[in-house]
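Peer 1: This is the content of final-v4.cif (mmCIF, C-alpha atoms):
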data_my_file
loop_
_atom_site.group_PDB
_atom_site.id
_atom_site.type_symbol
_atom_site.label_atom_id
_atom_site.label_comp_id
_atom_site.auth_asym_id
_atom_site.auth_seq_id
_atom_site.Cartn_x
_atom_site.Cartn_y
_atom_site.Cartn_z
ATOM 1 C CA MET A 45 -3.380 17.001 49.119
ATOM 2 C CA GLY A 46 -0.558 19.511 49.646
ATOM 3 C CA ALA A 47 -0.345 22.935 48.034
ATOM 4 C CA GLN A 48 2.756 21.948 46.026
ATOM 5 C CA THR A 49 1.021 18.905 44.542
ATOM 6 C CA LYS A 50 -2.002 21.006 43.535
ATOM 7 C CA THR A 51 0.279 23.618 41.956
ATOM 8 C CA ARG A 52 2.240 20.994 39.961
ATOM 9 C CA ARG A 53 -0.962 19.318 38.754
ATOM 10 C CA HIS A 54 -2.451 22.693 37.768
ATOM 11 C CA ALA A 55 0.752 23.578 35.861
ATOM 12 C CA ARG A 56 0.689 20.218 34.000
ATOM 13 C CA THR A 57 -3.004 20.634 33.163
ATOM 14 C CA ALA A 58 -2.414 24.162 31.876
ATOM 15 C CA GLN A 59 0.544 22.950 29.793
ATOM 16 C CA VAL A 60 -1.519 20.130 28.259
ATOM 17 C CA ARG A 61 -4.360 22.575 27.597
ATOM 18 C CA ASP A 62 -1.993 25.032 25.881
ATOM 19 C CA THR A 63 -0.398 22.256 23.788
ATOM 20 C CA GLY A 64 -3.855 20.994 22.827
ATOM 21 C CA ARG A 65 -4.898 24.490 21.758
ATOM 22 C CA ALA A 66 -1.828 24.836 19.581
ATOM 23 C CA ARG A 67 -2.432 21.392 18.087
ATOM 24 C CA ARG A 68 -6.109 21.998 17.398
ATOM 25 C CA GLY A 69 -5.312 25.289 15.713
ATOM 26 C CA GLY A 70 -2.587 23.585 13.654
ATOM 27 C CA SER A 71 -1.414 24.637 10.260
ATOM 28 C CA GLU A 72 -3.321 24.162 7.049
ATOM 29 C CA GLU A 73 -0.737 21.530 6.048
ATOM 30 C CA VAL A 74 -1.434 19.468 9.188
ATOM 31 C CA ARG A 75 -5.164 19.578 8.483
ATOM 32 C CA HIS A 76 -4.604 18.674 4.830
ATOM 33 C CA ALA A 77 -2.359 15.717 5.775
ATOM 34 C CA LEU A 78 -4.863 14.402 8.347
ATOM 35 C CA ASN A 79 -7.777 14.846 5.952
ATOM 36 C CA SER A 80 -5.899 12.904 3.268
ATOM 37 C CA LEU A 81 -5.260 10.056 5.730
ATOM 38 C CA ARG A 82 -8.899 10.170 6.843
ATOM 39 C CA LEU A 83 -10.108 9.958 3.241
ATOM 40 C CA ILE A 84 -7.858 6.975 2.500
ATOM 41 C CA VAL A 85 -8.937 5.095 5.646
ATOM 42 C CA ARG A 86 -12.594 5.943 4.977
ATOM 43 C CA SER A 87 -12.316 4.654 1.417
ATOM 44 C CA LEU A 88 -10.743 1.417 2.661
ATOM 45 C CA ARG A 89 -13.425 1.013 5.356
ATOM 46 C CA ILE A 90 -16.286 1.615 2.887
ATOM 47 C CA SER A 91 -14.720 -0.773 0.381
ATOM 48 C CA SER A 92 -14.417 -3.452 3.061
ATOM 49 C CA ARG A 93 -18.013 -2.893 4.182
ATOM 50 C CA ASN A 94 -19.225 -3.167 0.564
ATOM 51 C CA ALA A 95 -17.295 -6.408 0.076
ATOM 52 C CA GLU A 96 -18.804 -7.757 3.292
ATOM 53 C CA GLN A 97 -22.348 -6.852 2.236
ATOM 54 C CA GLU A 98 -22.098 -7.832 -1.428
ATOM 55 C CA VAL A 99 -20.081 -11.068 -1.311
ATOM 56 C CA GLY A 100 -19.533 -11.888 2.375
ATOM 57 C CA LEU A 101 -15.769 -11.274 2.342
ATOM 58 C CA SER A 102 -13.610 -8.865 4.314
ATOM 59 C CA GLY A 103 -11.795 -6.203 2.314
ATOM 60 C CA ALA A 104 -8.537 -8.100 2.858
ATOM 61 C CA GLN A 105 -10.038 -11.357 1.578
ATOM 62 C CA LEU A 106 -11.385 -9.621 -1.524
ATOM 63 C CA PHE A 107 -8.011 -7.962 -2.149
ATOM 64 C CA VAL A 108 -6.211 -11.314 -1.889
ATOM 65 C CA LEU A 109 -8.744 -12.992 -4.212
ATOM 66 C CA GLN A 110 -8.293 -10.202 -6.750
ATOM 67 C CA GLY A 111 -4.530 -10.592 -6.461
ATOM 68 C CA LEU A 112 -4.843 -14.321 -7.033
ATOM 69 C CA SER A 113 -6.987 -13.754 -10.110
ATOM 70 C CA ARG A 114 -4.121 -11.720 -11.611
ATOM 71 C CA GLN A 115 -1.244 -13.929 -10.412
ATOM 72 C CA ALA A 116 -2.484 -17.519 -10.123
ATOM 73 C CA PRO A 117 -1.042 -19.954 -9.751
ATOM 74 C CA CYS A 118 1.313 -18.341 -7.293
ATOM 75 C CA SER A 119 2.908 -18.893 -3.895
ATOM 76 C CA VAL A 120 2.082 -17.082 -0.670
ATOM 77 C CA ASN A 121 5.343 -15.142 -1.107
ATOM 78 C CA ASP A 122 4.319 -14.055 -4.626
ATOM 79 C CA LEU A 123 0.944 -12.954 -3.285
ATOM 80 C CA ALA A 124 2.594 -11.057 -0.399
ATOM 81 C CA ALA A 125 4.756 -9.204 -2.925
ATOM 82 C CA TYR A 126 1.712 -8.401 -5.065
ATOM 83 C CA THR A 127 -0.265 -7.062 -2.088
ATOM 84 C CA ALA A 128 2.809 -5.289 -0.623
ATOM 85 C CA THR A 129 2.175 -7.074 2.670
ATOM 86 C CA ASP A 130 4.045 -9.375 5.017
ATOM 87 C CA GLN A 131 3.935 -13.063 4.065
ATOM 88 C CA SER A 132 2.496 -14.108 7.440
ATOM 89 C CA SER A 133 -0.407 -11.676 7.089
ATOM 90 C CA VAL A 134 -1.270 -12.946 3.596
ATOM 91 C CA SER A 135 -0.973 -16.527 4.806
ATOM 92 C CA VAL A 136 -3.647 -15.932 7.466
ATOM 93 C CA VAL A 137 -6.066 -14.509 4.875
ATOM 94 C CA VAL A 138 -5.308 -17.319 2.411
ATOM 95 C CA SER A 139 -6.024 -19.919 5.118
ATOM 96 C CA ARG A 140 -9.441 -18.354 5.707
ATOM 97 C CA LEU A 141 -10.170 -18.386 1.976
ATOM 98 C CA VAL A 142 -9.058 -22.027 1.701
ATOM 99 C CA ALA A 143 -11.324 -22.949 4.644
ATOM 100 C CA ARG A 144 -14.253 -21.253 2.887
ATOM 101 C CA GLY A 145 -13.530 -23.125 -0.351
ATOM 102 C CA HIS A 146 -12.558 -20.082 -2.456
ATOM 103 C CA VAL A 147 -8.849 -20.881 -2.820
ATOM 104 C CA LYS A 148 -7.048 -24.181 -3.247
ATOM 105 C CA ARG A 149 -3.488 -25.176 -2.417
ATOM 106 C CA THR A 150 -1.709 -27.632 -4.691
ATOM 107 C CA PRO A 151 1.893 -28.858 -4.752
ATOM 108 C CA SER A 152 3.863 -27.054 -7.449
ATOM 109 C CA LYS A 153 4.705 -29.094 -10.528
ATOM 110 C CA ARG A 154 7.972 -27.150 -10.926
ATOM 111 C CA ASP A 155 9.238 -27.151 -7.325
ATOM 112 C CA ARG A 156 8.224 -29.774 -4.746
ATOM 113 C CA ARG A 157 8.970 -27.367 -1.878
ATOM 114 C CA ARG A 158 6.479 -24.815 -3.189
ATOM 115 C CA VAL A 159 2.704 -24.750 -2.791
ATOM 116 C CA ASP A 160 0.721 -23.037 -5.532
ATOM 117 C CA LEU A 161 -2.440 -21.088 -4.767
ATOM 118 C CA SER A 162 -5.296 -20.701 -7.202
ATOM 119 C CA LEU A 163 -8.956 -19.763 -7.232
ATOM 120 C CA THR A 164 -11.671 -22.374 -7.030
ATOM 121 C CA PRO A 165 -14.864 -22.051 -9.074
ATOM 122 C CA SER A 166 -16.585 -20.480 -6.035
ATOM 123 C CA GLY A 167 -13.718 -17.983 -5.701
ATOM 124 C CA ARG A 168 -14.071 -17.008 -9.378
ATOM 125 C CA ALA A 169 -17.851 -16.700 -8.988
ATOM 126 C CA LEU A 170 -17.428 -14.395 -5.975
ATOM 127 C CA LEU A 171 -15.011 -12.187 -7.887
ATOM 128 C CA ALA A 172 -17.465 -11.853 -10.765
ATOM 129 C CA ALA A 173 -19.996 -10.305 -8.357
ATOM 130 C CA ALA A 174 -17.521 -8.382 -6.173
ATOM 131 C CA PRO A 175 -16.689 -4.679 -6.174
ATOM 132 C CA GLU A 176 -13.078 -3.634 -6.744
ATOM 133 C CA ALA A 177 -11.034 -3.558 -3.550
ATOM 134 C CA ALA A 178 -9.902 -0.070 -2.530
ATOM 135 C CA GLN A 179 -6.422 -1.488 -1.919
ATOM 136 C CA GLU A 180 -6.144 -2.073 -5.689
ATOM 137 C CA ARG A 181 -6.819 1.616 -6.355
ATOM 138 C CA LEU A 182 -4.391 2.633 -3.611
ATOM 139 C CA LEU A 183 -1.592 0.448 -5.016
ATOM 140 C CA ASP A 184 -2.306 1.764 -8.499
ATOM 141 C CA ALA A 185 -2.094 5.363 -7.259
ATOM 142 C CA LEU A 186 1.182 4.693 -5.416
ATOM 143 C CA SER A 187 2.661 3.080 -8.532
ATOM 144 C CA LYS A 188 1.971 6.307 -10.459
ATOM 145 C CA LEU A 189 4.200 8.365 -8.152
ATOM 146 C CA GLU A 190 7.744 9.126 -9.248
ATOM 147 C CA PRO A 191 10.287 6.927 -7.418
ATOM 148 C CA ALA A 192 11.637 9.959 -5.505
ATOM 149 C CA GLN A 193 8.109 10.968 -4.453
ATOM 150 C CA LEU A 194 7.341 7.436 -3.263
ATOM 151 C CA LYS A 195 10.608 7.293 -1.314
ATOM 152 C CA THR A 196 9.815 10.646 0.343
ATOM 153 C CA LEU A 197 6.247 9.576 1.157
ATOM 154 C CA ALA A 198 7.458 6.310 2.710
ATOM 155 C CA ALA A 199 10.081 8.118 4.778
ATOM 156 C CA LEU A 200 7.649 10.772 5.996
ATOM 157 C CA LEU A 201 4.951 8.250 6.932
ATOM 158 C CA GLY A 202 7.589 6.205 8.751
ATOM 159 C CA LYS A 203 8.618 9.330 10.679
ATOM 160 C CA VAL A 204 4.978 10.047 11.618
ATOM 161 C CA VAL A 205 4.627 6.450 12.888
ATOM 162 C CA GLU A 206 7.798 6.917 14.942
ATOM 163 C CA LEU A 207 6.793 10.301 16.392
ATOM 164 C CA ALA A 208 3.280 9.084 17.196
ATOM 165 C CA GLN A 209 4.866 6.106 18.983
ATOM 166 C CA VAL A 210 2.798 3.624 17.003
ATOM 167 C CA PRO A 211 3.959 0.088 17.936
ATOM 168 C CA ARG A 212 6.260 -1.372 15.269
ATOM 169 C CA GLU A 213 4.578 -4.749 14.930
ATOM 170 C CA SER A 214 4.141 -6.550 11.647
ATOM 171 C CA PRO A 215 1.288 -4.746 9.871
ATOM 172 C CA THR A 216 -1.634 -6.793 8.638
ATOM 173 C CA LEU A 217 -3.742 -6.229 5.560
ATOM 174 C CA PHE A 218 -6.303 -3.448 5.923
ATOM 175 C CA PHE A 219 -9.503 -4.761 7.567
ATOM 176 C CA GLU A 220 -8.134 -8.309 7.650
ATOM 177 C CA GLU A 221 -10.650 -9.379 10.270
ATOM 178 C CA GLY A 222 -13.672 -7.714 8.709
ATOM 179 C CA PRO A 223 -15.599 -4.889 10.326
ATOM 180 C CA VAL A 224 -15.665 -4.630 14.097
ATOM 181 C CA LEU A 225 -18.928 -3.332 15.521
ATOM 182 C CA VAL A 226 -19.315 -1.767 18.941
ATOM 183 C CA GLY A 227 -22.223 -3.226 20.841
ATOM 184 C CA SER A 228 -24.675 -1.271 22.959
ATOM 185 C CA LYS A 229 -22.630 -1.884 26.126
ATOM 186 C CA GLY A 230 -19.452 -0.536 24.484
ATOM 187 C CA SER A 231 -17.898 -3.956 23.878
ATOM 188 C CA ALA A 232 -16.419 -4.684 20.477
ATOM 189 C CA SER A 233 -17.750 -7.707 18.660
ATOM 190 C CA ASN A 234 -16.219 -8.967 15.462
ATOM 191 C CA VAL A 235 -18.809 -9.713 12.810
ATOM 192 C CA ARG A 236 -16.587 -12.352 11.133
ATOM 193 C CA LYS A 237 -16.722 -15.659 12.919
#
Using structure tokens, write down the structure that the file contains.

Peer 2:
Amino acid sequence: MGAQTKTRRHARTAQVRDTGRARRGGSEEVRHALNSLRLIVRSLRISSRNAEQEVGLSGAQLFVLQGLSRQAPCSVNDLAAYTATDQSSVSVVVSRLVARGHVKRTPSKRDRRRVDLSLTPSGRALLAAAPEAAQERLLDALSKLEPAQLKTLAALLGKVVELAQVPRESPTLFFEEGPVLVGSKGSASNVRK
């Protein structure tokens, strides 16, 4: 390896090290923002884990069932609006709940093009024993913000996503697939089958 290559690599390494130092010693506001995000994600993860342990549902499935209990009968689009999620994401969760016998689809009596969703007796029984989904508390908290505050929060989070170069794919419900465990060999295995 030539002397110039070593010098360039050393300069890049030093630059990364210096940037990392500055980042790690970031402002109190940066730490506060990250800690707030960590607390929200942790709350969502714990809520999903509790739902999994107590009633055998992912956090997303519990959230959709709770939404249905407040909206039913409703369409997938109505449920997507209630959960503030993309219709395709809600549809995937609803299909899983239908397959497990907790939700039923019936043709709408008012509009033949529409399919109404409602809880089955087993879905209602699960909800009676289930903890509240953290997403419900999060939506409630967001609804308590002033419209200008909510607009600012949405814009700032969008900017963070952009600057962090997070892929702009259609977001799914939190913990839609259930918890993912890392096996002893480092491979991820999804607990939900």

Peer 1: Nearest residue to Leu197 (chain A) out of A:Ala77, A:Arg157, A:Ala128, A:Ser87, using only C-alpha atoms?

Peer 2: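 Result for the nearest residue to Leu197 (chain A): A:Ala77.
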
Peer 1: Under the rule that only C-alpha atoms are counted, which of A:Val147, A:Val108, A:Leu171, A:His76 is the nearest residue to Thr129 (chain A)?

Peer 2: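 The answer is A:Val108, which sits nearest to Thr129 (chain A).
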
Peer 1: So how far away is CA of Ala198 (chain A) from CA of Leu182 (chain A), in Å?

Peer 2: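 Going from CA of Leu182 (chain A) over to CA of Ala198 (chain A) covers 13.9 Å.
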
Peer 1: Can you work out which one of A:Ile90, A:Asp122, A:Lys203, A:Gln209 has the shortest atom-to-atom distance to Arg158 (chain A), counting all atoms listed in the file?

Peer 2: A:Asp122

Peer 1: Do you have the CA of Val138 (chain A)-CA of Phe218 (chain A) distance handy?

Peer 2: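 Separation between CA of Val138 (chain A) and CA of Phe218 (chain A): 14.3 Å.
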
Peer 1: Taking all atoms listed in the file into account, name the residue in A:Arg82, A:Arg89, A:Arg156, A:His146 that is nearest to Glu220 (chain A).

Peer 2: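 Under the stated criterion, the closest residue is A:Arg89.
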
Peer 1: Could you work out how far CA of Asn121 (chain A) lies from CA of Lys148 (chain A), giving the answer in Å with one decimal?

Peer 2: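 Distance reported for this atom pair: 15.5 Å.
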
Peer 1: Around all of region 173-181 of chain A's listed atoms, make the axis-aligned box with 4 Å on each side and tell me centre and edge lengths in Å to one decimal, as lines of an AutoDock Vina configuration file.

Peer 2:
center_x = -13.1
center_y = -4.3
center_z = -5.1
size_x = 21.9
size_y = 19.9
size_z = 14.4

Peer 1: Can you work out which one of A:Arg144, A:Arg149, A:Arg86, A:Lys195 has the shortest atom-to-atom distance to Gly167 (chain A), counting all atoms listed in the file?

Peer 2: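 Closest residue, counting all atoms listed in the file: A:Arg144.
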
Peer 1: For Val136 (chain A), which of A:Leu194, A:Ala208, A:Leu78, A:Leu217 is the closest residue, counting all atoms listed in the file?

Peer 2: A:Leu217

Peer 1: Would you kindly translate the PyMOL selection byres ((chain A and resi 216) around 10) into the concrete residues it picks from this file, as a PyMOL selection string?

Peer 2: chain A and resi 104+129-134+136-137+213-215+217-221

Peer 1: Could you name the residues that touch Thr127 (chain A) at 8 Å or less, counting all atoms listed in the file, but leaving out those on the same chain fewer than 4 positions away, as a PyMOL selection string?

Peer 2: chain A and resi 107-108+111+123

Peer 1: Within 9 Å of (-19.1, -12.5, -4.2) in the file's own coordinates, which protein, DNA or RNA residues have an atom, counting only C-alpha atoms? List them as a PyMOL selection string.

Peer 2: chain A and resi 95-96+98-101+106+166-175
